[in-house]
Every structure is written in structure tokens, then in C-alpha cells.
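K.L.:
My questions all concern the structure below.
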Amino acid sequence: DMTISLPGELQPFEEVRIFPRVSGFVQWIGVDRGSRVKKGQLLAILTAPEIVAQKAAAESAMMSAENQRIAAEAKQAADEATWRRLKAASATPGVISEDELDTAEKTAQADSARCVALRNTAEAARANLHAAQEMESYLRVYAPFDGVVTRRNVHPGALVGPATGSSTEHSMVRIEEVAHLRLVVAVPEAYVA
């Protein structure tokens, strides 16, 4: 047996650099170096006028699609009622021409197809609105785990954006988990055996 003394380094068990998911200006940042954070805690709020505008446009498009769908369904109901009345009246010979009855039936069928198309358009508009709301939710940055802020690189008014892979790029903050540490010891090759 052999005993040797080696220097060791305690490192955080988890460490993360926080970048926003979307580009925007820092409106508020609630942490600084040394701040203890909990998982899910709000770290920063960003502002991005173009994302807010996209959400408003998506809301408007959804409302327009819904209104068109409602109008088309009302027209479909009216045209189907007309066709049913004409069909009932055509039971008496000579009252309604076959051409008029066929036109009313085809109009009701066309209205039905238009309603299906407008329902799909309204559903797509709802999905676009949901996507815009999701993008807007990215303007709030939360802590991924309990830890301590060891670096803060931004201040209110700073323009920040998603990481692009550049190693020189600065994150908004860096968080380290210090409640659970990792001991790293460099063992010389001569002593490994």
C-alpha cells in the first residue's frame, strides 16, 4: 500500500450558461453574482416588439378565420333549408323545375365543402396563435435547477439572443449547483497503477 497527497478541486455538480431562446432586449434581470436561485425561478424578462406584433397578427387572423367560418356555416344552414323546402315542394309535379332543385342541392354541397375548408383554416390560425404565444413565453427566462449565480453578463437594455455556438459569446448568466459537488483529482501516471 502507498499513501500520497494530491491536490483536488471541488467543482459544481451541474453548471449551465443561460441564453434566451429568442432575441430581445433585457427589460429586467432579478439576479446578480452570488444570488441563490431555485428551479423555475424567474431570472430575467426580455422585451421584443416584433414577437408581440406577431402574436397580435396571429390573434387577428384567428378571429377573422373564426368569423368567416361562422358566416359560412350560417349560409350553409340557410341553403340546406332552401334545398329541403324545394325538394319537398318538388313532390308536387310542375311546381319546381329539376334545374332549380339541382342548383339548390349543389349550392348546399358547395357550402358544406367551404365550411370544411374554413374550419381547417380556423384550426391553422389557432395553431399559429399558439406558436406565437409560445414564442412570447420565451421572453421570460427561468432557472433550470437550484444553484448559485456565478456570473452575470447583462444589464437592463442589453440586446441578447440565442447561442450560436461561438465560444466567445457571452451568456446572460451562469448558474452552478453547489449543494452537490464533484471532486476532481489529477493523479500522476506513475501512481495510477
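Convention: chains lettered A, B, ... in C-alpha cells order; per-chain residue numbering from 1; ligands numbered from 1 as shown.
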For the helix (DSSP H, G or I) assignment from backbone DSSP, which residues of range 19-145 of chain A qualify? Please present them as a ChimeraX atom specification.
P.N.:
/A:49-89,98-137
K.L.:
Write out as number ranges by chain each polymer residue whose atoms come within 9 Å of range 110-115 of chain A, counting only C-alpha atoms; drop sequence neighbours fewer than 5 positions from it.
P.N.:
A: 68-70, 72-73, 75-77, 79-80, 105, 120
K.L.:
Pick out the closest residue to Val178 in chain A from this set: A:Ser23, A:Gln11, A:Thr107, A:Ser5. Count only C-alpha atoms.
P.N.:
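For Val178 in chain A, the nearest of the candidates is A:Gln11.
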K.L.:
Between A:Asn128, A:Gln27, A:Leu42, A:Ala104, which one has atoms that come closest to Ala56 in chain A, using only C-alpha atoms?
P.N.:
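Among the listed residues, A:Asn128 lies closest to Ala56 in chain A.
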K.L.:
For His170 in chain A, find every residue with an atom within 12 Å (counting only C-alpha atoms), except residues of its own chain fewer than 5 positions away, and show them as a tab-separated table (two decimals) with C-alpha atoms, in the first residue's frame.
P.N.:
```tsv
chain	number	residue	atom	x	y	z
A	17	ARG	CA	-24.76	29.12	-19.13
A	18	ILE	CA	-28.19	30.66	-19.67
A	19	PHE	CA	-29.09	32.05	-23.10
A	20	PRO	CA	-32.53	33.28	-24.11
A	151	ARG	CA	-21.59	35.15	-13.50
A	152	ARG	CA	-23.91	37.85	-14.81
A	153	ASN	CA	-23.02	39.35	-18.18
A	154	VAL	CA	-26.03	41.54	-19.00
A	158	ALA	CA	-28.80	44.91	-23.40
A	159	LEU	CA	-29.67	43.07	-26.61
A	160	VAL	CA	-29.42	39.30	-26.09
A	161	GLY	CA	-30.10	36.32	-28.28
A	162	PRO	CA	-29.85	32.55	-28.57
A	163	ALA	CA	-26.47	30.84	-28.52
A	164	THR	CA	-24.99	30.34	-31.97
A	165	GLY	CA	-22.13	28.06	-30.99
```
K.L.:
Restricting the calculation to only C-alpha atoms, which member of A:Ala179, A:Arg140, A:Glu134, A:Glu169 is positioned closest to Gly30 in chain A?
P.N.:
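Checking each of A:Ala179, A:Arg140, A:Glu134, A:Glu169 against Gly30 in chain A, counting only C-alpha atoms, the winner is A:Arg140.
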K.L.:
Go through A:Ala122, A:Val192, A:Met172, A:Ala127 and flag the residue nearest Asp32 in chain A, using only C-alpha atoms for the distances.
P.N.:
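Closest to Asp32 in chain A of all the choices is A:Met172.
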K.L.:
Which residue out of A:Gly24, A:Asp102, A:Thr150, A:Leu183 has the minimum interatomic distance to Ile51 in chain A when only C-alpha atoms are used?
P.N.:
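Of all the options, A:Gly24 lies closest to Ile51 in chain A.
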K.L.:
Quick one: residues within 10 Å of Gly147 in chain A, only C-alpha atoms counted, chain neighbours fewer than 4 positions away excluded, as a VMD selection string?
P.N.:
chain A and resid 12 14 to 16 34 to 39 143 174 to 180
K.L.:
For the selection you just gave me, I'd like the residues written to a file as a short mmCIF file (atom, residue, chain, number, x, y, z; two decimals), in the first residue's frame, keeping N, CA and C atoms.
P.N.:
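Once everything was written out, this is again32.cif:
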```cif
data_model
loop_
_atom_site.label_atom_id
_atom_site.label_comp_id
_atom_site.auth_asym_id
_atom_site.auth_seq_id
_atom_site.Cartn_x
_atom_site.Cartn_y
_atom_site.Cartn_z
N PRO A 12 -18.65 22.36 -9.24
CA PRO A 12 -20.11 22.18 -9.14
C PRO A 12 -20.53 20.92 -9.88
N GLU A 14 -23.44 20.48 -11.36
CA GLU A 14 -24.04 20.96 -12.61
C GLU A 14 -23.68 22.41 -12.79
N GLU A 15 -23.47 22.78 -14.05
CA GLU A 15 -23.15 24.17 -14.37
C GLU A 15 -23.77 24.46 -15.73
N VAL A 16 -24.41 25.61 -15.84
CA VAL A 16 -25.06 25.94 -17.11
C VAL A 16 -24.93 27.43 -17.39
N GLY A 34 -23.70 35.65 -6.94
CA GLY A 34 -23.92 35.24 -5.57
C GLY A 34 -25.37 34.99 -5.22
N SER A 35 -26.28 35.34 -6.11
CA SER A 35 -27.71 35.10 -5.85
C SER A 35 -27.99 33.61 -5.85
N ARG A 36 -28.73 33.15 -4.85
CA ARG A 36 -29.19 31.76 -4.82
C ARG A 36 -30.53 31.71 -5.56
N VAL A 37 -30.66 30.74 -6.45
CA VAL A 37 -31.88 30.61 -7.23
C VAL A 37 -32.46 29.21 -7.04
N LYS A 38 -33.77 29.12 -7.22
CA LYS A 38 -34.49 27.85 -7.15
C LYS A 38 -34.92 27.46 -8.56
N LYS A 39 -35.10 26.18 -8.78
CA LYS A 39 -35.55 25.70 -10.08
C LYS A 39 -36.89 26.36 -10.42
N ALA A 143 -34.73 29.70 -14.13
CA ALA A 143 -33.61 28.87 -13.68
C ALA A 143 -33.92 27.40 -13.93
N ARG A 174 -24.56 32.63 -15.58
CA ARG A 174 -24.10 31.26 -15.39
C ARG A 174 -24.54 30.81 -14.00
N ILE A 175 -25.12 29.62 -13.94
CA ILE A 175 -25.61 29.08 -12.67
C ILE A 175 -24.86 27.78 -12.39
N GLU A 176 -24.45 27.62 -11.13
CA GLU A 176 -23.77 26.40 -10.71
C GLU A 176 -24.50 25.80 -9.52
N GLU A 177 -24.59 24.48 -9.51
CA GLU A 177 -25.16 23.78 -8.37
C GLU A 177 -24.03 23.53 -7.38
N VAL A 178 -24.11 24.13 -6.20
CA VAL A 178 -23.04 23.99 -5.22
C VAL A 178 -23.47 23.16 -4.02
N ALA A 179 -24.73 22.73 -3.96
CA ALA A 179 -25.18 21.87 -2.87
C ALA A 179 -24.63 20.45 -3.05
N HIS A 180 -24.34 20.10 -4.28
CA HIS A 180 -23.82 18.78 -4.63
C HIS A 180 -22.56 19.03 -5.45
#
```
K.L.:
Between CA of Pro49 in chain A and CA of Gly157 in chain A, what distance in Å does the model show, to one decimal?
P.N.:
13.6 Å
K.L.:
Excluding Met62 in chain A and residues on its chain fewer than 3 positions from it, collect all residues at most 12 Å away from it, counting only C-alpha atoms, and give them as a list in words.
P.N.:
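Here the answer would be Lys55, Ala56, Ala57, Ala58, Glu59, Ala65, Glu66, Asn67, Gln68, Arg69, Leu118, Arg119, Asn120, Thr121, Ala122, Glu123, Ala124, Ala125, Arg126, Ala127, Asn128, Leu129, His130 and Ala132 of chain A.
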K.L.:
Would you put the residues from that selection into a file with N, CA, C and O atoms, as a short mmCIF file (atom, residue, chain, number, x, y, z; two decimals), in the first residue's frame?
P.N.:
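Okay, part_20.cif is ready:
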```cif
data_model
loop_
_atom_site.label_atom_id
_atom_site.label_comp_id
_atom_site.auth_asym_id
_atom_site.auth_seq_id
_atom_site.Cartn_x
_atom_site.Cartn_y
_atom_site.Cartn_z
N LYS A 55 -47.80 38.03 -32.37
CA LYS A 55 -48.90 37.46 -31.59
C LYS A 55 -50.20 38.20 -31.92
O LYS A 55 -51.25 37.58 -32.11
N ALA A 56 -50.14 39.53 -31.98
CA ALA A 56 -51.34 40.32 -32.30
C ALA A 56 -51.85 39.98 -33.70
O ALA A 56 -53.06 39.85 -33.92
N ALA A 57 -50.95 39.80 -34.65
CA ALA A 57 -51.34 39.44 -36.02
C ALA A 57 -51.98 38.05 -36.04
O ALA A 57 -52.98 37.82 -36.73
N ALA A 58 -51.42 37.13 -35.27
CA ALA A 58 -51.97 35.77 -35.20
C ALA A 58 -53.37 35.78 -34.56
O ALA A 58 -54.26 35.06 -35.00
N GLU A 59 -53.55 36.60 -33.52
CA GLU A 59 -54.87 36.73 -32.88
C GLU A 59 -55.89 37.28 -33.88
O GLU A 59 -57.02 36.79 -33.97
N ALA A 65 -60.64 34.25 -39.25
CA ALA A 65 -60.96 32.91 -39.73
C ALA A 65 -62.20 32.36 -39.02
O ALA A 65 -63.05 31.72 -39.65
N GLU A 66 -62.30 32.61 -37.72
CA GLU A 66 -63.47 32.15 -36.96
C GLU A 66 -64.75 32.84 -37.46
O GLU A 66 -65.79 32.20 -37.62
N ASN A 67 -64.67 34.15 -37.72
CA ASN A 67 -65.84 34.88 -38.23
C ASN A 67 -66.26 34.38 -39.60
O ASN A 67 -67.46 34.24 -39.88
N GLN A 68 -65.29 34.11 -40.47
CA GLN A 68 -65.61 33.57 -41.79
C GLN A 68 -66.26 32.20 -41.68
O GLN A 68 -67.20 31.88 -42.41
N ARG A 69 -65.75 31.37 -40.76
CA ARG A 69 -66.33 30.04 -40.55
C ARG A 69 -67.78 30.13 -40.07
O ARG A 69 -68.65 29.45 -40.59
N LEU A 118 -63.01 26.24 -44.29
CA LEU A 118 -62.87 27.33 -43.33
C LEU A 118 -62.62 26.82 -41.91
O LEU A 118 -61.93 27.47 -41.12
N ARG A 119 -63.14 25.63 -41.56
CA ARG A 119 -62.81 25.03 -40.26
C ARG A 119 -61.32 24.72 -40.20
O ARG A 119 -60.67 24.96 -39.19
N ASN A 120 -60.78 24.18 -41.31
CA ASN A 120 -59.35 23.88 -41.36
C ASN A 120 -58.51 25.16 -41.29
O ASN A 120 -57.47 25.20 -40.62
N THR A 121 -58.98 26.20 -41.96
CA THR A 121 -58.27 27.50 -41.91
C THR A 121 -58.29 28.05 -40.49
O THR A 121 -57.27 28.55 -40.00
N ALA A 122 -59.43 27.94 -39.82
CA ALA A 122 -59.53 28.43 -38.44
C ALA A 122 -58.62 27.62 -37.52
O ALA A 122 -57.98 28.17 -36.61
N GLU A 123 -58.53 26.32 -37.75
CA GLU A 123 -57.66 25.46 -36.93
C GLU A 123 -56.19 25.83 -37.15
O GLU A 123 -55.40 25.88 -36.21
N ALA A 124 -55.82 26.10 -38.41
CA ALA A 124 -54.45 26.53 -38.71
C ALA A 124 -54.15 27.87 -38.05
O ALA A 124 -53.06 28.09 -37.52
N ALA A 125 -55.11 28.78 -38.07
CA ALA A 125 -54.93 30.09 -37.43
C ALA A 125 -54.78 29.92 -35.92
O ALA A 125 -53.96 30.62 -35.29
N ARG A 126 -55.52 28.98 -35.33
CA ARG A 126 -55.39 28.71 -33.89
C ARG A 126 -53.99 28.16 -33.58
O ARG A 126 -53.37 28.52 -32.59
N ALA A 127 -53.49 27.29 -34.45
CA ALA A 127 -52.14 26.74 -34.26
C ALA A 127 -51.08 27.83 -34.38
O ALA A 127 -50.11 27.86 -33.61
N ASN A 128 -51.26 28.76 -35.32
CA ASN A 128 -50.33 29.88 -35.46
C ASN A 128 -50.35 30.76 -34.22
O ASN A 128 -49.31 31.24 -33.76
N LEU A 129 -51.54 30.98 -33.68
CA LEU A 129 -51.65 31.78 -32.45
C LEU A 129 -50.95 31.08 -31.30
O LEU A 129 -50.23 31.71 -30.53
N HIS A 130 -51.14 29.77 -31.19
CA HIS A 130 -50.47 29.01 -30.13
C HIS A 130 -48.95 29.12 -30.27
O HIS A 130 -48.24 29.29 -29.28
N ALA A 132 -47.29 31.59 -31.66
CA ALA A 132 -46.91 32.96 -31.30
C ALA A 132 -46.92 33.14 -29.79
O ALA A 132 -46.04 33.81 -29.23
#
```
K.L.:
What lies within 12 Å of Pro188 in chain A using only C-alpha atoms, ignoring chain neighbours under 2 positions off, as a PyMOL selection string?
P.N.:
chain A and resi 4-7+185-186+190-193
